[in-house]
Amino acid sequence: MSSTRPPLVLSAATLISNFDRFSVTPMLVLIAFGMQVPLASAVAAASGYFLAYGLMQPVWGMLSDRFGRIVVMRGTLLGAAAAGIASALAPNLVALVIARAIAGGCMGAIVPSSLTYVGDTVSPELRQGALSDLMAASALGTAMATAVGGVLASFLDWRLVFAIPALCSALCAALIGRLPEPERAQVGGVRKHLSTVLTNRWALLVFGLVFVEGAVLLGILTFLPSALVHRGVDVAVAGLAAATYGIGVWVFSRVVKALGRRLAVWQLIAIGGSSMAIGYLVVTLRTDIAAVVVTALLLGGGWSFMHSSLQTWATSVVPEARGLAMALFASALFLGSATAAAAAGPFAENGSYALLFGAAATVAVPLLITASACHRRYQSRTTV
């Protein structure tokens with residue numbers, strides 16, 4: 001079974017997953033007001049979701065290797081739909097936090113399983129373009145969560161923002177069952193399955209690279225709006241300026257798809273890393289709305305070029321345990337972003353944004369050199 005792009009329903013499921021994941025952040029103040037709880041307490045609705053989202057990914061990866069990609073995605077989409085409806089109807093904060101954690105745990109299966117499905121069904125020479133299509137859907141979901149989700153929550157009801165992706169998830173669960181289940185290698189017990197991935201040095205290398213990428217790009221990206229607010233810019237305007245990152249991802253993902261068959265993967269990685277470094281350098285030298293917009297667009301380019309290349313690499317390093325490999329790849333990404341965000345917090349508290357962004361630009365350089373050089377070596381060895 002071979003294709004050139006992901007099925008439309010997979011792109012839709014990826015969009016819905018990202019919308020559901022990112023829509024809660026703009027609504028925290030409204031949730032706190034509506035449920036008459038402190039904002040610090042309402043944050044648990046987001047943190048519980050993110051924690052479950054990250055922790056459940058390796059579990060879903062192993063289950064998809066054993067029972068199938070479609071089975072896992074269909075079941076988790078139905079679970080996310082039920083949890084989303086429960087979130088919309090939650091009578092108090094405790095019920096909301098529990099429902100959001102369940103939703104996050106279920107949604108954590110969608111993106112890695114979609115990537116794995118592409119790895120199973122698209123030939124290696126066309127895989128970069130197919131993954132770019134999924135990345136475009138992810139970017140659209142992120143942008144819609146920030147823009148549309150915030151508008152719906154402000155002018156209608158924040159509960160509606162939980163109900164809409166729940167209904168869409170149920171529809172996707174029905175449609176995704178029509179997709180053929182791709183062939184996959186038979187796996188042994190849990191220990192052998194884990195050992196297959198964790199003893200593969202190329203897999204460990206890719207996990208390490210995406211950990212650093214998550215730290216440099218996603219972890220520090222979250223401080224772009226606060227850097228503007230520190231300069232006196234309105235919170236809403238600062239958020240919109242940083243949200244152009246989603247536009248950058250969508251636009252550059254189209255460019256990657258066009259260039260993917262002309263350039264080597266290591267060259268795409270180098271372009272992405274350079275875009276990240278230049279983007280952070282811009283905002284290091286000057287922190288205003290224009291600079292943040294330019295940086296956000298360049299970081300979108302960095303994500304499109306480098307991350308799609310690392311994703312493509314990750315789909316091939318352990319094909320006999322691709323589901324688990326992609327799940328651990330995603331976990332490493334989120335762990336890296338969380339680690340960097342926690343480490344950068346004190347610098348942001350002190351207003352040391354230039355130092356923070358300068359450090360990110362500096363780390364991006366050895367990242368792009370190491371990643372591009374290692375992939376070139378990997379490609380030469382696997383070709384031989």
# chains A, B, ... in the order shown; residues from 1 in each chain; ligands from 1
$ residues_around --residues "Ala264 in chain A" --least-positions-apart "4" --cutoff "10 Å" --atoms "only C-alpha atoms" --output "ChimeraX atom specification"
/A:259-260,268-269,309,372,375-376,379
$ closest_residue --among "A:Ala332, A:Leu134, A:Ala371, A:Met144" --to "Ser274 in chain A" --atoms "only C-alpha atoms"
A:Ala371
$ closest_atom_pairs --of "range 160-183 of chain A" --to "range 106-124 of chain A" --cutoff "12 Å" --atoms "only C-alpha atoms" --output "JSON lines"
{"residue": "A:Pro165", "atom": "CA", "partner": "A:Met107", "partner_atom": "CA", "distance": 10.7}
{"residue": "A:Ala166", "atom": "CA", "partner": "A:Met107", "partner_atom": "CA", "distance": 10.6}
{"residue": "A:Ser169", "atom": "CA", "partner": "A:Met107", "partner_atom": "CA", "distance": 9.5}
{"residue": "A:Cys172", "atom": "CA", "partner": "A:Ile110", "partner_atom": "CA", "distance": 11.0}
{"residue": "A:Ala173", "atom": "CA", "partner": "A:Ile110", "partner_atom": "CA", "distance": 10.9}
{"residue": "A:Ile176", "atom": "CA", "partner": "A:Ser114", "partner_atom": "CA", "distance": 10.9}
{"residue": "A:Leu179", "atom": "CA", "partner": "A:Tyr117", "partner_atom": "CA", "distance": 10.4}
{"residue": "A:Pro180", "atom": "CA", "partner": "A:Thr121", "partner_atom": "CA", "distance": 10.0}
{"residue": "A:Glu181", "atom": "CA", "partner": "A:Tyr117", "partner_atom": "CA", "distance": 8.7}
{"residue": "A:Pro182", "atom": "CA", "partner": "A:Asp120", "partner_atom": "CA", "distance": 6.2}
{"residue": "A:Glu183", "atom": "CA", "partner": "A:Asp120", "partner_atom": "CA", "distance": 7.3}
$ residues_around --residues "Glu125 in chain A" --least-positions-apart "6" --cutoff "12 Å" --atoms "only C-alpha atoms" --output "number ranges by chain"
A: 2-5, 119, 131, 257, 260-265, 309, 312-313, 316
$ residues_around --residues "Leu221 in chain A" --least-positions-apart "2" --cutoff "10 Å" --atoms "only C-alpha atoms" --output "number ranges by chain"
A: 214-219, 223-225, 242, 245, 280, 295-296, 299, 337, 341, 357, 360
$ select_by_dssp --residues "range 29-255 of chain A" --states "helix (DSSP H, G or I)" --output "PyMOL selection string"
chain A and resi 29-35+39-42+44-67+69-89+93-107+110-121+124-155+158-176+190-198+201-221+224-230+235-255
$ residues_around --residues "Gln57 in chain A" --least-positions-apart "5" --cutoff "12 Å" --atoms "only C-alpha atoms" --output "short mmCIF file (atom, residue, chain, number, x, y, z; two decimals) with all heavy atoms, in the first residue's frame"
data_model
loop_
_atom_site.label_atom_id
_atom_site.label_comp_id
_atom_site.auth_asym_id
_atom_site.auth_seq_id
_atom_site.Cartn_x
_atom_site.Cartn_y
_atom_site.Cartn_z
N PHE A 50 -2.02 18.55 29.44
CA PHE A 50 -0.69 18.42 28.85
C PHE A 50 0.08 17.25 29.44
O PHE A 50 0.80 16.54 28.73
CB PHE A 50 0.11 19.72 29.04
CG PHE A 50 -0.51 20.91 28.35
CD1 PHE A 50 -0.42 22.17 28.91
CD2 PHE A 50 -1.20 20.76 27.16
CE1 PHE A 50 -0.98 23.27 28.28
CE2 PHE A 50 -1.76 21.85 26.52
CZ PHE A 50 -1.65 23.11 27.08
N LEU A 51 -0.06 17.04 30.75
CA LEU A 51 0.64 15.94 31.41
C LEU A 51 0.15 14.60 30.86
O LEU A 51 0.96 13.73 30.50
CB LEU A 51 0.43 16.02 32.92
CG LEU A 51 1.12 14.93 33.75
CD1 LEU A 51 2.63 15.04 33.60
CD2 LEU A 51 0.72 15.06 35.22
N ALA A 52 -1.16 14.43 30.81
CA ALA A 52 -1.71 13.17 30.30
C ALA A 52 -1.36 12.98 28.82
O ALA A 52 -1.08 11.87 28.37
CB ALA A 52 -3.23 13.15 30.49
N MET A 62 2.93 1.70 21.69
CA MET A 62 3.06 0.25 21.81
C MET A 62 1.77 -0.46 21.41
O MET A 62 1.80 -1.50 20.74
CB MET A 62 3.45 -0.12 23.26
CG MET A 62 4.89 0.21 23.60
SD MET A 62 5.42 -0.45 25.20
CE MET A 62 4.58 0.66 26.31
N LEU A 63 0.63 0.11 21.79
CA LEU A 63 -0.64 -0.51 21.43
C LEU A 63 -0.88 -0.46 19.93
O LEU A 63 -1.44 -1.41 19.35
CB LEU A 63 -1.79 0.19 22.17
CG LEU A 63 -1.84 -0.04 23.69
CD1 LEU A 63 -2.97 0.78 24.31
CD2 LEU A 63 -2.03 -1.52 24.00
N SER A 64 -0.46 0.62 19.28
CA SER A 64 -0.67 0.71 17.83
C SER A 64 0.22 -0.28 17.09
O SER A 64 -0.16 -0.82 16.05
CB SER A 64 -0.43 2.14 17.33
OG SER A 64 0.94 2.43 17.25
N VAL A 72 -6.38 1.98 17.26
CA VAL A 72 -6.01 2.90 18.34
C VAL A 72 -6.58 4.29 18.09
O VAL A 72 -7.16 4.92 19.00
CB VAL A 72 -4.48 2.95 18.50
CG1 VAL A 72 -4.05 4.12 19.38
CG2 VAL A 72 -3.97 1.64 19.08
N MET A 73 -6.45 4.81 16.88
CA MET A 73 -6.95 6.16 16.60
C MET A 73 -8.47 6.24 16.73
O MET A 73 -9.01 7.21 17.27
CB MET A 73 -6.51 6.62 15.21
CG MET A 73 -5.06 7.05 15.15
SD MET A 73 -4.61 7.89 13.60
CE MET A 73 -4.46 6.48 12.50
N THR A 76 -9.34 6.10 20.55
CA THR A 76 -8.97 7.31 21.29
C THR A 76 -9.78 8.53 20.84
O THR A 76 -10.07 9.41 21.66
CB THR A 76 -7.48 7.60 21.14
OG1 THR A 76 -7.11 7.62 19.74
CG2 THR A 76 -6.64 6.54 21.85
N GLY A 104 -6.90 14.80 27.15
CA GLY A 104 -5.49 14.92 26.77
C GLY A 104 -4.85 13.56 26.56
O GLY A 104 -4.08 13.36 25.61
N GLY A 105 -5.15 12.62 27.45
CA GLY A 105 -4.59 11.28 27.30
C GLY A 105 -5.03 10.62 26.01
O GLY A 105 -4.23 9.96 25.34
N CYS A 106 -6.29 10.82 25.62
CA CYS A 106 -6.79 10.24 24.37
C CYS A 106 -6.22 10.96 23.15
O CYS A 106 -5.79 10.32 22.19
CB CYS A 106 -8.32 10.29 24.36
SG CYS A 106 -9.11 9.19 25.54
N MET A 107 -6.21 12.28 23.19
CA MET A 107 -5.71 13.05 22.04
C MET A 107 -4.22 12.82 21.82
O MET A 107 -3.70 13.01 20.71
CB MET A 107 -5.97 14.54 22.25
CG MET A 107 -7.39 14.96 21.98
SD MET A 107 -7.89 14.71 20.26
CE MET A 107 -9.46 15.58 20.25
N GLY A 108 -3.52 12.38 22.86
CA GLY A 108 -2.09 12.12 22.72
C GLY A 108 -1.77 11.02 21.72
O GLY A 108 -0.63 10.90 21.27
N ALA A 109 -2.77 10.23 21.35
CA ALA A 109 -2.53 9.14 20.38
C ALA A 109 -2.59 9.61 18.94
O ALA A 109 -2.03 8.97 18.05
CB ALA A 109 -3.58 8.04 20.58
N ILE A 110 -3.26 10.73 18.67
CA ILE A 110 -3.63 11.07 17.29
C ILE A 110 -2.43 11.46 16.43
O ILE A 110 -2.21 10.89 15.35
CB ILE A 110 -4.69 12.18 17.28
CG1 ILE A 110 -5.89 11.77 18.13
CG2 ILE A 110 -5.11 12.49 15.84
CD1 ILE A 110 -6.48 10.43 17.75
N VAL A 111 -1.65 12.44 16.87
CA VAL A 111 -0.55 12.92 16.02
C VAL A 111 0.52 11.85 15.81
O VAL A 111 0.89 11.57 14.66
CB VAL A 111 0.06 14.21 16.61
CG1 VAL A 111 1.31 14.61 15.82
CG2 VAL A 111 -0.96 15.35 16.57
N PRO A 112 1.03 11.17 16.88
CA PRO A 112 2.02 10.12 16.62
C PRO A 112 1.48 8.99 15.74
O PRO A 112 2.19 8.48 14.87
CB PRO A 112 2.38 9.61 18.02
CG PRO A 112 2.03 10.72 18.93
CD PRO A 112 0.83 11.37 18.32
N SER A 113 0.22 8.59 15.96
CA SER A 113 -0.36 7.51 15.15
C SER A 113 -0.54 7.94 13.70
O SER A 113 -0.37 7.14 12.78
CB SER A 113 -1.70 7.06 15.74
OG SER A 113 -1.53 6.52 17.03
N GLY A 323 5.48 2.60 15.61
CA GLY A 323 4.51 3.27 16.47
C GLY A 323 5.14 3.74 17.77
O GLY A 323 4.96 4.89 18.19
N LEU A 324 5.89 2.87 18.42
CA LEU A 324 6.55 3.24 19.67
C LEU A 324 7.62 4.29 19.42
O LEU A 324 7.78 5.23 20.20
CB LEU A 324 7.18 2.00 20.32
CG LEU A 324 7.96 2.24 21.61
CD1 LEU A 324 7.08 2.88 22.68
CD2 LEU A 324 8.55 0.93 22.14
N ALA A 325 8.37 4.15 18.34
CA ALA A 325 9.42 5.12 18.02
C ALA A 325 8.84 6.52 17.84
O ALA A 325 9.38 7.51 18.36
CB ALA A 325 10.18 4.70 16.77
N MET A 326 7.72 6.63 17.12
CA MET A 326 7.12 7.95 16.89
C MET A 326 6.54 8.51 18.18
O MET A 326 6.56 9.73 18.41
CB MET A 326 6.05 7.86 15.81
CG MET A 326 6.58 7.54 14.42
SD MET A 326 7.94 8.61 13.89
CE MET A 326 7.16 10.23 13.94
N ALA A 327 6.01 7.64 19.03
CA ALA A 327 5.47 8.11 20.31
C ALA A 327 6.58 8.64 21.21
O ALA A 327 6.44 9.69 21.84
CB ALA A 327 4.72 6.98 21.01
N LEU A 328 7.72 7.93 21.27
CA LEU A 328 8.85 8.40 22.07
C LEU A 328 9.46 9.66 21.47
O LEU A 328 9.93 10.55 22.20
CB LEU A 328 9.91 7.29 22.16
CG LEU A 328 9.50 6.08 23.00
CD1 LEU A 328 10.57 4.99 22.91
CD2 LEU A 328 9.26 6.46 24.45
N PHE A 329 9.43 9.76 20.16
CA PHE A 329 9.88 10.97 19.47
C PHE A 329 9.04 12.17 19.93
O PHE A 329 9.58 13.24 20.28
CB PHE A 329 9.73 10.75 17.96
CG PHE A 329 10.05 11.95 17.10
CD1 PHE A 329 11.35 12.19 16.68
CD2 PHE A 329 9.04 12.80 16.68
CE1 PHE A 329 11.64 13.28 15.87
CE2 PHE A 329 9.33 13.90 15.88
CZ PHE A 329 10.63 14.13 15.46
N ALA A 330 7.72 12.01 19.94
CA ALA A 330 6.84 13.10 20.39
C ALA A 330 7.04 13.41 21.87
O ALA A 330 7.05 14.58 22.27
CB ALA A 330 5.38 12.72 20.12
N SER A 331 7.24 12.38 22.68
CA SER A 331 7.46 12.60 24.11
C SER A 331 8.75 13.38 24.35
O SER A 331 8.81 14.27 25.20
CB SER A 331 7.52 11.26 24.85
OG SER A 331 6.27 10.62 24.83
N ALA A 332 9.80 13.04 23.60
CA ALA A 332 11.07 13.76 23.73
C ALA A 332 10.90 15.23 23.36
O ALA A 332 11.47 16.12 23.99
CB ALA A 332 12.14 13.12 22.85
N LEU A 333 10.09 15.49 22.33
CA LEU A 333 9.84 16.87 21.92
C LEU A 333 9.18 17.67 23.03
O LEU A 333 9.64 18.76 23.38
CB LEU A 333 8.95 16.86 20.67
CG LEU A 333 8.47 18.23 20.18
CD1 LEU A 333 9.62 19.00 19.54
CD2 LEU A 333 7.31 18.07 19.20
N PHE A 334 8.11 17.11 23.62
CA PHE A 334 7.40 17.84 24.67
C PHE A 334 8.21 17.92 25.95
O PHE A 334 8.13 18.92 26.67
CB PHE A 334 6.05 17.17 24.93
CG PHE A 334 5.07 17.38 23.81
CD1 PHE A 334 4.67 16.33 23.00
CD2 PHE A 334 4.55 18.64 23.55
CE1 PHE A 334 3.78 16.53 21.96
CE2 PHE A 334 3.66 18.85 22.52
CZ PHE A 334 3.27 17.80 21.72
N LEU A 335 9.00 16.90 26.24
CA LEU A 335 9.85 16.96 27.42
C LEU A 335 10.90 18.06 27.27
O LEU A 335 11.18 18.80 28.21
CB LEU A 335 10.53 15.61 27.64
CG LEU A 335 11.42 15.48 28.88
CD1 LEU A 335 10.63 15.75 30.15
CD2 LEU A 335 12.07 14.10 28.95
#
$ residues_around --residues "Ile85 in chain A" --least-positions-apart "6" --cutoff "10 Å" --atoms "only C-alpha atoms" --output "PDB file with all heavy atoms, in the first residue's frame"
ATOM      1  N   ALA A  99     -11.944  15.571  33.346  1.00  0.00           N
ATOM      2  CA  ALA A  99     -12.369  15.396  31.946  1.00  0.00           C
ATOM      3  C   ALA A  99     -11.290  15.851  30.979  1.00  0.00           C
ATOM      4  O   ALA A  99     -11.040  15.202  29.950  1.00  0.00           O
ATOM      5  CB  ALA A  99     -13.664  16.168  31.705  1.00  0.00           C
ATOM      6  N   ALA A 103      -9.274  13.697  28.174  1.00  0.00           N
ATOM      7  CA  ALA A 103      -9.224  14.166  26.785  1.00  0.00           C
ATOM      8  C   ALA A 103      -7.777  14.262  26.304  1.00  0.00           C
ATOM      9  O   ALA A 103      -7.453  13.855  25.177  1.00  0.00           O
ATOM     10  CB  ALA A 103      -9.916  15.521  26.669  1.00  0.00           C
ATOM     11  N   ARG A 159     -17.567  26.819  27.174  1.00  0.00           N
ATOM     12  CA  ARG A 159     -17.922  25.404  27.107  1.00  0.00           C
ATOM     13  C   ARG A 159     -18.091  24.931  25.663  1.00  0.00           C
ATOM     14  O   ARG A 159     -17.845  23.767  25.341  1.00  0.00           O
ATOM     15  CB  ARG A 159     -19.199  25.147  27.902  1.00  0.00           C
ATOM     16  CG  ARG A 159     -19.046  25.402  29.413  1.00  0.00           C
ATOM     17  CD  ARG A 159     -20.356  25.187  30.142  1.00  0.00           C
ATOM     18  NE  ARG A 159     -20.231  25.487  31.571  1.00  0.00           N
ATOM     19  CZ  ARG A 159     -19.820  24.627  32.494  1.00  0.00           C
ATOM     20  NH1 ARG A 159     -19.509  23.390  32.137  1.00  0.00           N
ATOM     21  NH2 ARG A 159     -19.719  24.981  33.758  1.00  0.00           N
ATOM     22  N   LEU A 160     -18.502  25.840  24.794  1.00  0.00           N
ATOM     23  CA  LEU A 160     -18.685  25.507  23.386  1.00  0.00           C
ATOM     24  C   LEU A 160     -17.371  25.105  22.738  1.00  0.00           C
ATOM     25  O   LEU A 160     -17.337  24.254  21.839  1.00  0.00           O
ATOM     26  CB  LEU A 160     -19.290  26.714  22.659  1.00  0.00           C
ATOM     27  CG  LEU A 160     -19.667  26.524  21.188  1.00  0.00           C
ATOM     28  CD1 LEU A 160     -20.760  25.466  21.056  1.00  0.00           C
ATOM     29  CD2 LEU A 160     -20.121  27.845  20.587  1.00  0.00           C
ATOM     30  N   PHE A 162     -15.021  23.403  24.013  1.00  0.00           N
ATOM     31  CA  PHE A 162     -14.764  21.987  24.314  1.00  0.00           C
ATOM     32  C   PHE A 162     -15.710  21.078  23.540  1.00  0.00           C
ATOM     33  O   PHE A 162     -15.341  19.963  23.155  1.00  0.00           O
ATOM     34  CB  PHE A 162     -14.917  21.723  25.813  1.00  0.00           C
ATOM     35  CG  PHE A 162     -13.873  22.375  26.673  1.00  0.00           C
ATOM     36  CD1 PHE A 162     -14.214  22.992  27.864  1.00  0.00           C
ATOM     37  CD2 PHE A 162     -12.540  22.378  26.291  1.00  0.00           C
ATOM     38  CE1 PHE A 162     -13.251  23.593  28.664  1.00  0.00           C
ATOM     39  CE2 PHE A 162     -11.563  22.979  27.081  1.00  0.00           C
ATOM     40  CZ  PHE A 162     -11.923  23.581  28.264  1.00  0.00           C
ATOM     41  N   ALA A 163     -16.929  21.539  23.305  1.00  0.00           N
ATOM     42  CA  ALA A 163     -17.936  20.696  22.647  1.00  0.00           C
ATOM     43  C   ALA A 163     -17.648  20.518  21.158  1.00  0.00           C
ATOM     44  O   ALA A 163     -17.850  19.430  20.607  1.00  0.00           O
ATOM     45  CB  ALA A 163     -19.321  21.304  22.846  1.00  0.00           C
ATOM     46  N   ILE A 164     -17.168  21.569  20.483  1.00  0.00           N
ATOM     47  CA  ILE A 164     -16.971  21.499  19.032  1.00  0.00           C
ATOM     48  C   ILE A 164     -15.943  20.433  18.639  1.00  0.00           C
ATOM     49  O   ILE A 164     -16.227  19.567  17.800  1.00  0.00           O
ATOM     50  CB  ILE A 164     -16.588  22.883  18.481  1.00  0.00           C
ATOM     51  CG1 ILE A 164     -17.795  23.819  18.549  1.00  0.00           C
ATOM     52  CG2 ILE A 164     -16.083  22.778  17.042  1.00  0.00           C
ATOM     53  CD1 ILE A 164     -17.503  25.235  18.131  1.00  0.00           C
ATOM     54  N   PRO A 165     -14.707  20.436  19.219  1.00  0.00           N
ATOM     55  CA  PRO A 165     -13.767  19.365  18.854  1.00  0.00           C
ATOM     56  C   PRO A 165     -14.240  17.981  19.282  1.00  0.00           C
ATOM     57  O   PRO A 165     -13.881  16.978  18.663  1.00  0.00           O
ATOM     58  CB  PRO A 165     -12.466  19.754  19.569  1.00  0.00           C
ATOM     59  CG  PRO A 165     -12.866  20.704  20.628  1.00  0.00           C
ATOM     60  CD  PRO A 165     -14.080  21.417  20.116  1.00  0.00           C
ATOM     61  N   ALA A 166     -15.076  17.916  20.322  1.00  0.00           N
ATOM     62  CA  ALA A 166     -15.616  16.618  20.747  1.00  0.00           C
ATOM     63  C   ALA A 166     -16.510  16.040  19.657  1.00  0.00           C
ATOM     64  O   ALA A 166     -16.404  14.859  19.295  1.00  0.00           O
ATOM     65  CB  ALA A 166     -16.397  16.778  22.051  1.00  0.00           C
ATOM     66  N   LEU A 167     -17.408  16.867  19.113  1.00  0.00           N
ATOM     67  CA  LEU A 167     -18.289  16.401  18.040  1.00  0.00           C
ATOM     68  C   LEU A 167     -17.493  16.055  16.782  1.00  0.00           C
ATOM     69  O   LEU A 167     -17.774  15.053  16.110  1.00  0.00           O
ATOM     70  CB  LEU A 167     -19.338  17.472  17.733  1.00  0.00           C
ATOM     71  CG  LEU A 167     -20.309  17.798  18.883  1.00  0.00           C
ATOM     72  CD1 LEU A 167     -21.225  18.950  18.491  1.00  0.00           C
ATOM     73  CD2 LEU A 167     -21.116  16.564  19.262  1.00  0.00           C
TER      74      LEU A 167
END
